[in-house]
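Single-structure report; data block below.
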Amino acid sequence: MKVLLDLFFTFARIGGLTFGGGYAMLPMLQKEVVENRGWATEDELMDYYAIGQCTPGIIAVNTATFVGQKTAGIMGGIVATLGVVFPSLVIISVIAAFIQNFSDLAVVQNAFAGIRICVCVLIINAVIKLWKKAVIDKGTLAIFIVVFVGSVLTSLSPIVFVIFAAGAGIILKNKEVSKS
């Protein structure tokens with residue numbers, strides 16, 4: 001029961017303190033799930049995040065479900081999911097009741113502009129951390145470049161890029177194994 005409560009409150013804090021969606025949540029997920037709690041490794045978190053992008057639903061919710069399930073089974077997945085969405089439901093309900101009254105205020109518009117900048121910085125920090133763990137040789141750099149250029153120049157679904165990268169990773173690692 002303690003683990004379930006810990007999952008709920010950890011993911012509720014993550015869900016309540018990160019703005020900007022799933023990408024902005026990544027640094028906090030990495031710190032809490034990997035560094036502080038040890039519920040997943042950095043590689044596992046990257047895998048959950050990648051799978052969360054190409055499955056239906058919100059990336060952060062999917063990632064919370066994966067981490068919760070790994071930590072405490074099906075009930076852990078449910079509790080972590082409820083934890084990450086609970087603050088949003090409460091906050092959105094309160095904001096929805098009052099947003100029309102305040103959205104035209106300059107202070108509100110300026111606050112949102114500042115929050116967007118902060119979210120960009122948090123995403124860049126997360127990308128740098130992920131980069132250091134994921135792009136480790138020429139092969140992974142090649143996969144990165146192809147996926148990056150493809151995602152910038154086309155409107156293909158992220159699923160296509162994940163499948164391509166998975167296939168390329170299998171091929172690259174099989175070549176490494178056969179060389180040794």
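Chain labels follow the order of the structure tokens: the first chain is A, the next B, and so on; residue numbering restarts at 1 in every chain, and ligands are counted from 1 in their shown order.
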Contacts of stretch 7-59 of chain A with stretch 145-169 of chain A up to 9 Å, shortest pair per row, only C-alpha atoms, as JSON lines:
{"residue": "A:Ala50", "atom": "CA", "partner": "A:Val162", "partner_atom": "CA", "distance": 7.2}
{"residue": "A:Ile51", "atom": "CA", "partner": "A:Val162", "partner_atom": "CA", "distance": 8.1}
{"residue": "A:Gln53", "atom": "CA", "partner": "A:Pro158", "partner_atom": "CA", "distance": 7.1}
{"residue": "A:Cys54", "atom": "CA", "partner": "A:Ile159", "partner_atom": "CA", "distance": 5.0}
{"residue": "A:Thr55", "atom": "CA", "partner": "A:Ile159", "partner_atom": "CA", "distance": 8.2}
Legend entry - Nearby residues (only C-alpha atoms) at most 12 Å from A:Ser88, same-chain spacing under 5 positions excluded, as a PyMOL selection string: chain A and resi 11-21+60-61+81-83+93-96
Output file for the residues above (N, CA, C and O atoms, as an mmCIF file, in the first residue's frame):
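Written output follows (result_22.cif):
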data_model
loop_
_atom_site.group_PDB
_atom_site.id
_atom_site.type_symbol
_atom_site.label_atom_id
_atom_site.label_comp_id
_atom_site.auth_asym_id
_atom_site.auth_seq_id
_atom_site.Cartn_x
_atom_site.Cartn_y
_atom_site.Cartn_z
ATOM 1 N N PHE A 11 3.437 10.941 -8.802
ATOM 2 C CA PHE A 11 2.917 11.321 -10.110
ATOM 3 C C PHE A 11 1.933 12.482 -10.021
ATOM 4 O O PHE A 11 1.822 13.275 -10.963
ATOM 5 N N ALA A 12 1.247 12.641 -8.896
ATOM 6 C CA ALA A 12 0.384 13.814 -8.712
ATOM 7 C C ALA A 12 1.240 15.076 -8.654
ATOM 8 O O ALA A 12 0.882 16.111 -9.231
ATOM 9 N N ARG A 13 2.374 14.995 -7.971
ATOM 10 C CA ARG A 13 3.279 16.157 -7.908
ATOM 11 C C ARG A 13 3.827 16.469 -9.301
ATOM 12 O O ARG A 13 3.868 17.626 -9.721
ATOM 13 N N ILE A 14 4.223 15.438 -10.030
ATOM 14 C CA ILE A 14 4.724 15.646 -11.393
ATOM 15 C C ILE A 14 3.632 16.260 -12.256
ATOM 16 O O ILE A 14 3.856 17.235 -12.971
ATOM 17 N N GLY A 15 2.438 15.701 -12.187
ATOM 18 C CA GLY A 15 1.319 16.203 -12.987
ATOM 19 C C GLY A 15 0.892 17.611 -12.607
ATOM 20 O O GLY A 15 0.442 18.375 -13.455
ATOM 21 N N GLY A 16 1.060 17.959 -11.361
ATOM 22 C CA GLY A 16 0.626 19.271 -10.906
ATOM 23 C C GLY A 16 1.674 20.370 -11.046
ATOM 24 O O GLY A 16 1.343 21.544 -11.003
ATOM 25 N N LEU A 17 2.917 19.982 -11.206
ATOM 26 C CA LEU A 17 3.988 20.982 -11.234
ATOM 27 C C LEU A 17 4.657 21.153 -12.587
ATOM 28 O O LEU A 17 5.586 21.938 -12.709
ATOM 29 N N THR A 18 4.215 20.427 -13.587
ATOM 30 C CA THR A 18 4.814 20.602 -14.911
ATOM 31 C C THR A 18 3.781 21.179 -15.857
ATOM 32 O O THR A 18 2.643 20.745 -15.895
ATOM 33 N N PHE A 19 4.208 22.162 -16.591
ATOM 34 C CA PHE A 19 3.352 22.825 -17.566
ATOM 35 C C PHE A 19 3.934 22.602 -18.946
ATOM 36 O O PHE A 19 5.135 22.565 -19.113
ATOM 37 N N GLY A 20 3.078 22.454 -19.930
ATOM 38 C CA GLY A 20 3.554 22.337 -21.301
ATOM 39 C C GLY A 20 3.444 20.943 -21.871
ATOM 40 O O GLY A 20 3.951 20.668 -22.940
ATOM 41 N N GLY A 21 2.810 20.032 -21.180
ATOM 42 C CA GLY A 21 2.586 18.714 -21.730
ATOM 43 C C GLY A 21 3.696 17.719 -21.432
ATOM 44 O O GLY A 21 4.584 17.965 -20.615
ATOM 45 N N ALA A 60 2.582 11.644 -21.268
ATOM 46 C CA ALA A 60 2.876 11.617 -19.829
ATOM 47 C C ALA A 60 2.026 10.576 -19.110
ATOM 48 O O ALA A 60 2.508 9.884 -18.206
ATOM 49 N N VAL A 61 0.777 10.449 -19.508
ATOM 50 C CA VAL A 61 -0.115 9.472 -18.885
ATOM 51 C C VAL A 61 0.355 8.063 -19.233
ATOM 52 O O VAL A 61 0.437 7.189 -18.355
ATOM 53 N N THR A 81 -1.311 6.410 -13.055
ATOM 54 C CA THR A 81 -2.106 7.124 -14.056
ATOM 55 C C THR A 81 -3.080 8.089 -13.395
ATOM 56 O O THR A 81 -3.184 9.253 -13.800
ATOM 57 N N LEU A 82 -3.766 7.624 -12.378
ATOM 58 C CA LEU A 82 -4.693 8.506 -11.650
ATOM 59 C C LEU A 82 -3.935 9.670 -11.009
ATOM 60 O O LEU A 82 -4.410 10.809 -11.014
ATOM 61 N N GLY A 83 -2.755 9.379 -10.477
ATOM 62 C CA GLY A 83 -1.958 10.431 -9.855
ATOM 63 C C GLY A 83 -1.553 11.518 -10.828
ATOM 64 O O GLY A 83 -1.647 12.709 -10.517
ATOM 65 N N SER A 93 -10.475 22.286 -14.208
ATOM 66 C CA SER A 93 -11.847 22.604 -13.794
ATOM 67 C C SER A 93 -11.930 24.002 -13.194
ATOM 68 O O SER A 93 -12.848 24.772 -13.498
ATOM 69 N N VAL A 94 -10.965 24.346 -12.351
ATOM 70 C CA VAL A 94 -10.951 25.684 -11.734
ATOM 71 C C VAL A 94 -10.690 26.758 -12.796
ATOM 72 O O VAL A 94 -11.387 27.777 -12.849
ATOM 73 N N ILE A 95 -9.693 26.522 -13.646
ATOM 74 C CA ILE A 95 -9.366 27.513 -14.690
ATOM 75 C C ILE A 95 -10.542 27.704 -15.641
ATOM 76 O O ILE A 95 -10.868 28.834 -16.014
ATOM 77 N N ALA A 96 -11.179 26.604 -16.030
ATOM 78 C CA ALA A 96 -12.304 26.696 -16.965
ATOM 79 C C ALA A 96 -13.431 27.561 -16.401
ATOM 80 O O ALA A 96 -14.111 28.260 -17.157
#
Inset, instruction - To one decimal in Å, tell me the separation between atom CA of A:Phe102 and atom CA of A:Ile117. - result: 20.9 Å
Inset, instruction - Calculate how many Å separate atom CA of A:Phe144 from atom CA of A:Tyr23, rounding to one decimal. - result: 17.6 Å
Inset, instruction - For atom CA of A:Ala64 and atom CA of A:Leu7, quote the distance in Å rounded to one decimal. - result: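 Atom-to-atom, atom CA of A:Ala64 and atom CA of A:Leu7 are spaced 9.0 Å apart.
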Legend entry - 8 Å contact set for A:Ile78, only C-alpha atoms, chain neighbours under 5 positions out, as number ranges by chain: A: 65, 68-69
Inset, instruction - Would you list, as a PyMOL selection string, the residues of chain A that end up in alpha helix (DSSP H) under DSSP run on this structure's backbone? - result: chain A and resi 2-17+22-29+42-54+59-102+106-134+138-153+158-179
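Candidate residues A:Leu122, A:Ala97, A:Leu89, A:Ile143 were compared for distance to A:Leu172, and the nearest is A:Ile143, using only C-alpha atoms.
Residues in contact range of A:Glu176, defined as at most 12 Å between only C-alpha atoms, with sequence neighbours fewer than 5 positions away removed, read Asp137, Gly139, Gly169, Ile170 and Ile171 of chain A.
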Legend entry - Shortest interatomic distance to A:Met25 - which of A:Phe86, A:Lys175, A:Lys133, A:Cys118, counting only C-alpha atoms: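 Between A:Phe86, A:Lys175, A:Lys133, A:Cys118, the residue approaching A:Met25 most closely is A:Cys118.
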